[in-house]
Amino acid sequence: MTSTDDSKRTVPELLAPAGGLDALRAAVNNGADAVYLGVGEFNARRGAENFTVESLKEACDFAHLHGVSVYLAVNILILPEEMERALGLVDEAWAAGVDAVILQDLGLMRVVRHALPDVRIHASTQVGTHNGLTIAELERLGVARITLARETSLSEIAELSRASSVELESFVHGALCFSYSGQCLMSSLIGRRSGNRGLCAQPCRLPYEIMTEDGKSASTPGAYLLSPRDIAGLDLLPRFLESGVAALKIEGRMKSPEYVALVTGVYRAALDRAIADPEGYSAKDAERAVLEEAFSRGFSTAYLEGVNDNEMMSYTRPNNRGVRVGRVSSAERGTVVIDLECTLEAADTIEFWTSRGRVAQKAGNMRLKGKSVRVGPASERVELDVEGRVSVGDRVFRVVNAALENGARRTFERERAQGRIPIDVAVRVVEGETLRIEISGERGAGVAEGPIVERARTKSVMSDEIVDHVGRFGGTPYEASSWDIELQPGVGISFSTLHRTRREALDAFEHVALAAWSDRQSYGPETPVPAGRKKTRHDLPEVVAWCLDPDTARRCIDAGADRVIMPSWLAGDAPPSLNAVPELPRIAHDREIADLLAIAKGAPRVVVGNLGLVRDTSSTGSTVEAHWGLNVANPWTSEVLAGIGANFTWLSPELSRDQITRICEASAVPNGIAVYGRQEVMVTEHCVLMAEGPCNQQCDRCHRRSRWRFLKDSKGYRFPVTTDPAGRSHVFNSVPLDLSRALADVLGTGVRALRLDFVAERPHEAARIVRSMRSRLKDAYTGEPSPVETLVEPATGGHFYRGVI
């Protein structure tokens with residue numbers, strides 16, 4: 001990030017994804033200022049090609065020689081047994097030359113800051129930062145840059161930037177998660193593939209129906225009810241400049257190198273124009289076309305402009321829709337005629353959108369007026385062979401533009417001037433002095449000297465021969481932009497000597513250019529031991545009921561629950577005799593902070609779901625319980641939260657028995673876990689219920705919120721959905737967690753509270769479960785045999801025994 005003459009504007013860094021070495025070259029050669037990449041298993045895109053520790057240095061050297069920064073993504077939750085290895089990876093990566101590490105796990109942030117204080121830390125979007133208090137808390141942890149939640153609008157970014165000394169980063173293009181990042185457990189609880197561990201299976205891109213409580217299916221615009229369009233901020237670049245954002249991030253480490261090349265190239269050119277003339281800037285139609293051809297689920301500015309309605313959704317298509325090229329006007333067995341709306345080439349891949357699904361194939365052999373052609377012009381009719389069943393009227397889309405992709409491929413597969421480093425070359429060939437070659441550039445100069453130059457014994461060396469042989473930079477990223485040759489007539493020098501001395505000069509130049517990183521070394525740091533606390537003998541852990549209405553809460557207390565937790569927007573409706581503990585939400589934009597802190601101020605105990613609210617809630621005198629959404633997956637994270645005011649932490653639902661035990665043994669504060677209930681798998685800024693039809697966004701009076709809705713998947717599982725007064729949807733797992741048969745093992749972990757989450761249960765059913773859980777807990781404590789039956793059917797044991805992958 002650099003400043004401009006206009007104090008209100010900064011020049012943001014263009015940050016591109018590098019899923020592998022080709023994508024890295026594509027990003028660098030097409031104008032990225034920085035790239036982000038992953039190594040091994042500790043990153044949020046474990047399915048990408050990624051890098052090894054050994055190949056990382058090569059990647060860093062390549063990028064740095066081009067003036068491009070490299071950020072290592074270690075943006076997952078770190079389990080207790082992994083902290084030493086995660087710290088070791090950061091240590092080795094820093095020695096290899098990365099310029100920053102991108103972290104999600106708060107405990108790892110603390111450990112890195114303590115053990116490797118020179119390492120620059122960026123906070124991942126997985127932290128979910130969207131308010132000023134969280135920014136301030138991360139700054140106290142030593143974070144230098146924060147990638148904001150995708151749900152943060154440009155007006156919010158501008159306010160946050162003005163109030164903060166930490167660099168802020170925003171996504172400008174790419175896929176949009178349906179849930180707030182870091183808060184999605186859907187893939188994890190369905191199939192163990194955790195988005196917080198880099199293996200999201202993208203269940204949000206699958207088809208669903210909205211079902212009412214009485215089993216009726218609601219009418220919706222399509223089946224892909226959780227699939228947003230991709231965000232595209234191309235038209236908003238001047239507003240990004242005004243916002244003060246430090247970096248614009250392109251999503252796509254799982255995308256192809258061709259995608260990276262095309263999208264990076266478009267945004268490089270557009271951003272340069274916006275910097276040069278923000279008032280006169282406008283995106284070009286050709287640029288939009290390239291972005292659509294590269295990959296598109298349809299584009300939206302979505303949350304960047306505060307839009308959260310159906311216009312941001314891709315209800316009919318969860319993957320690349322491509323560009324429409326025409327319609328089928330005639331179809332016979334094996335042959336179709338297409339009325340083209342744009343040019344089509346034989347090497348392009350097309351899709352027919354039929355009533356039975358999509359049919360994809362290469363365009364292949366095309367005929368125009370009976371003659372075979374390689375290119376079908378726009379507004380013409382072409383005939384081609386088809387491999388599937390296609391009907392008249394079917395739309396045809398191009399999903400791979402072969403010419404465009406081939407052009408993109410040439411930017412990283414061939415040596416091209418666009419990706420070469422300009423250098424100045426000076427050569428001295430003077431009798432009686434050493435041969436001297438100096439290579440200089442923006443990052444310094446390197447010099448190599450050869451043997452003493454003598455008079456030519458046969459043929460004298462000429463200037464053009466020096467340029468030819470010294471200038472052979474093939475196989476390197478360099479290109480001579482100027483020559484300064486001091487040549488005494490009549491001298492000779494062998495061409496092999498010129499070649500060798502040139503190589504030595506290049507080595508010297510690279511040594512100087514990479515000097516800022518060359519003195520780093522791996523220290524093999526020790527992982528700091530978490531502070532822990534003095535352990536005392538306890539009786540049975542508390543039984544805590546999480547409820548969504550006062551009636552259920554009262555019945556749970558009467559059935560033996562020690563206390564109840566209710567969301568803050570509902571806790572105020574509960575009678576004072578319930579002593580309901582308010583739960584401040586995980587999502588708390590700045591406009592909502594004051595009201596939430598007012599709720600906390602009057603409560604003796606509060607569950608806090610947002611990192612930024614922990615310290616201020618504690619300062620009101622309340623006992624603070626850290627919400628499970630704060631992702632406590634190791635004792636170091638527990639220590640961080642304890643240090644800012646948490647008196648208790650609810651642990652991540654993604655932990656196994658052994659991991660829970662390790663945390664409880666070393667945690668700075670007592671911990672609790674969920675043992676029953678439908679776990680919340682998503683919290684979303686877009687309301688799922690909008691798919692049912694027009695919405696006036698008066699959420700506090702919405703009739704759809706008065707009853708439960710369910711998302712039904714293709715296997716018949718039903719996920720309960722409700723929407724809060726702020727319009728955010730909360731999606732719950734289709735199958736309840738039930739650890740009632742595992743309570744002896746639960747007690748063995750050392751947890752001090754057991755939470756029962758009641759979502760769609762009737763009050764009497766919740767009371768029955770509380771009584772049964774209380775009874776089984778006492779039996780487990782006294783050593784009675786574990787029961788055979790679960791409390792409900794169907795039920796899941798969650799990750800307690802199996803853990804995440």
# chains A, B, ... in the order shown; residues from 1 in each chain; ligands from 1

call {"tool": "residues_around", "arguments": {"residues": "Trp636 (chain A)", "least_positions_apart": "3", "cutoff": "7 Å", "atoms": "only C-alpha atoms", "output": "list in words"}}
result
Gly107, Pro530, Glu639 and Val640 of chain A

call {"tool": "residues_around", "arguments": {"residues": "region 77-90 of chain A", "least_positions_apart": "5", "cutoff": "9 Å", "atoms": "only C-alpha atoms", "output": "count of residues only"}}
result
36

call {"tool": "residues_around", "arguments": {"residues": "Ala48 (chain A)", "least_positions_apart": "3", "cutoff": "6 Å", "atoms": "only C-alpha atoms", "output": "PyMOL selection string"}}
result
chain A and resi 19+45+254

call {"tool": "residues_around", "arguments": {"residues": "Ala274 (chain A)", "least_positions_apart": "4", "cutoff": "7 Å", "atoms": "only C-alpha atoms", "output": "MDAnalysis selection string"}}
result
chainID A and resid 237:238 270 278 281

call {"tool": "write_last_selection", "arguments": {"atoms": "all heavy atoms", "output": "short mmCIF file (atom, residue, chain, number, x, y, z; two decimals), in the first residue's frame"}}
result
data_model
loop_
_atom_site.label_atom_id
_atom_site.label_comp_id
_atom_site.auth_asym_id
_atom_site.auth_seq_id
_atom_site.Cartn_x
_atom_site.Cartn_y
_atom_site.Cartn_z
N LEU A 237 -13.82 0.37 -8.10
CA LEU A 237 -12.42 0.61 -7.74
C LEU A 237 -12.17 2.03 -7.20
O LEU A 237 -11.41 2.18 -6.23
CB LEU A 237 -11.52 0.32 -8.94
CG LEU A 237 -11.46 -1.17 -9.35
CD1 LEU A 237 -10.51 -1.36 -10.53
CD2 LEU A 237 -11.05 -2.05 -8.19
N PRO A 238 -12.76 3.10 -7.76
CA PRO A 238 -12.54 4.42 -7.15
C PRO A 238 -13.03 4.48 -5.70
O PRO A 238 -12.40 5.14 -4.86
CB PRO A 238 -13.35 5.36 -8.05
CG PRO A 238 -13.37 4.67 -9.38
CD PRO A 238 -13.50 3.21 -9.04
N ALA A 270 -7.35 -2.21 -14.82
CA ALA A 270 -8.42 -1.35 -14.35
C ALA A 270 -7.99 -0.53 -13.14
O ALA A 270 -8.31 0.66 -13.02
CB ALA A 270 -9.64 -2.21 -14.00
N PRO A 278 -9.38 8.67 -10.96
CA PRO A 278 -10.53 8.06 -10.28
C PRO A 278 -11.87 8.66 -10.68
O PRO A 278 -12.87 7.94 -10.77
CB PRO A 278 -10.23 8.30 -8.79
CG PRO A 278 -9.19 9.36 -8.76
CD PRO A 278 -8.42 9.25 -10.01
N TYR A 281 -12.84 7.30 -14.18
CA TYR A 281 -12.73 5.86 -14.36
C TYR A 281 -14.08 5.23 -14.71
O TYR A 281 -15.12 5.58 -14.16
CB TYR A 281 -12.21 5.20 -13.07
CG TYR A 281 -12.30 3.69 -13.09
CD1 TYR A 281 -11.34 2.91 -13.71
CD2 TYR A 281 -13.41 3.03 -12.52
CE1 TYR A 281 -11.43 1.53 -13.75
CE2 TYR A 281 -13.51 1.65 -12.55
CZ TYR A 281 -12.53 0.90 -13.16
OH TYR A 281 -12.63 -0.46 -13.20
#

call {"tool": "select_by_dssp", "arguments": {"residues": "region 238-413 of chain A", "states": "strand (DSSP E)", "output": "JSON, numbers by chain"}}
result
{"A": [247, 248, 249, 250, 299, 300, 323, 324, 325, 326, 327, 328, 329, 330, 331, 332, 335, 336, 337, 338, 339, 340, 344, 345, 349, 350, 351, 352, 353, 354, 357, 358, 359, 360, 361, 362, 366, 367, 368, 371, 372, 373, 375, 376, 381, 382, 383, 384, 385, 395, 396, 397, 398, 399, 400]}

call {"tool": "residues_around", "arguments": {"residues": "region 461-469 of chain A", "least_positions_apart": "6", "cutoff": "12 Å", "atoms": "only C-alpha atoms", "output": "PyMOL selection string"}}
result
chain A and resi 424-431+435-437+453-455+479-503

call {"tool": "atom_distance", "arguments": {"atom1": "CA of Asn29 (chain A)", "atom2": "CA of Ala16 (chain A)"}}
result
11.2 Å

call {"tool": "residues_around", "arguments": {"residues": "Gln183 (chain A)", "least_positions_apart": "6", "cutoff": "9 Å", "atoms": "only C-alpha atoms", "output": "VMD selection string"}}
result
chain A and resid 126 to 128 195 to 196 586 629 to 631 680 to 683

call {"tool": "closest_residue", "arguments": {"among": "A:Asp558, A:Glu405, A:Asp658, A:Asp724", "to": "Leu689 (chain A)", "atoms": "only C-alpha atoms"}}
result
A:Asp724

call {"tool": "atom_distance", "arguments": {"atom1": "CA of Asn579 (chain A)", "atom2": "CA of Ala646 (chain A)"}}
result
19.8 Å

call {"tool": "residues_around", "arguments": {"residues": "Asp61 (chain A)", "least_positions_apart": "3", "cutoff": "9 Å", "atoms": "only C-alpha atoms", "output": "ChimeraX atom specification"}}
result
/A:56-58,64-66,96-97,510,514

call {"tool": "closest_residue", "arguments": {"among": "A:Val669, A:Arg533, A:Ile439, A:Ala553", "to": "Ala513 (chain A)", "atoms": "only C-alpha atoms"}}
result
A:Ile439

call {"tool": "closest_residue", "arguments": {"among": "A:Phe800, A:Phe732, A:Tyr224, A:Phe352", "to": "Ser391 (chain A)", "atoms": "only C-alpha atoms"}}
result
A:Phe352

call {"tool": "closest_atom_pairs", "arguments": {"of": "region 600-678 of chain A", "to": "region 133-151 of chain A", "cutoff": "9 Å", "atoms": "only C-alpha atoms", "output": "CSV"}}
result
residue,atom,partner,partner_atom,distance
A:Asn610,CA,A:Thr134,CA,7.8
A:Leu611,CA,A:Thr134,CA,5.7
A:Gly612,CA,A:Thr134,CA,3.8
A:Leu613,CA,A:Leu133,CA,6.8
A:Arg615,CA,A:Glu137,CA,8.5
A:Asp616,CA,A:Leu133,CA,8.7
A:Val640,CA,A:Leu141,CA,8.6
A:Ile644,CA,A:Glu137,CA,8.5

call {"tool": "select_by_dssp", "arguments": {"residues": "region 458-492 of chain A", "states": "helix (DSSP H, G or I)", "output": "number ranges by chain"}}
result
A: 463-470

call {"tool": "write_last_selection", "arguments": {"atoms": "N, CA and C atoms", "output": "short mmCIF file (atom, residue, chain, number, x, y, z; two decimals), in the first residue's frame"}}
result
data_model
loop_
_atom_site.label_atom_id
_atom_site.label_comp_id
_atom_site.auth_asym_id
_atom_site.auth_seq_id
_atom_site.Cartn_x
_atom_site.Cartn_y
_atom_site.Cartn_z
N SER A 463 31.38 -5.12 -30.70
CA SER A 463 30.31 -4.74 -29.77
C SER A 463 29.06 -5.60 -29.95
N ASP A 464 28.68 -5.87 -31.20
CA ASP A 464 27.47 -6.65 -31.41
C ASP A 464 27.63 -8.08 -30.89
N GLU A 465 28.88 -8.59 -30.91
CA GLU A 465 29.11 -9.92 -30.37
C GLU A 465 28.98 -9.92 -28.84
N ILE A 466 29.43 -8.84 -28.19
CA ILE A 466 29.28 -8.73 -26.74
C ILE A 466 27.80 -8.69 -26.37
N VAL A 467 27.02 -7.87 -27.12
CA VAL A 467 25.58 -7.81 -26.86
C VAL A 467 24.93 -9.17 -27.07
N ASP A 468 25.35 -9.85 -28.12
CA ASP A 468 24.76 -11.16 -28.42
C ASP A 468 25.06 -12.16 -27.31
N HIS A 469 26.32 -12.27 -26.88
CA HIS A 469 26.70 -13.33 -25.96
C HIS A 469 26.44 -12.97 -24.48
N VAL A 470 26.66 -11.73 -24.11
CA VAL A 470 26.33 -11.33 -22.74
C VAL A 470 24.81 -11.23 -22.57
#
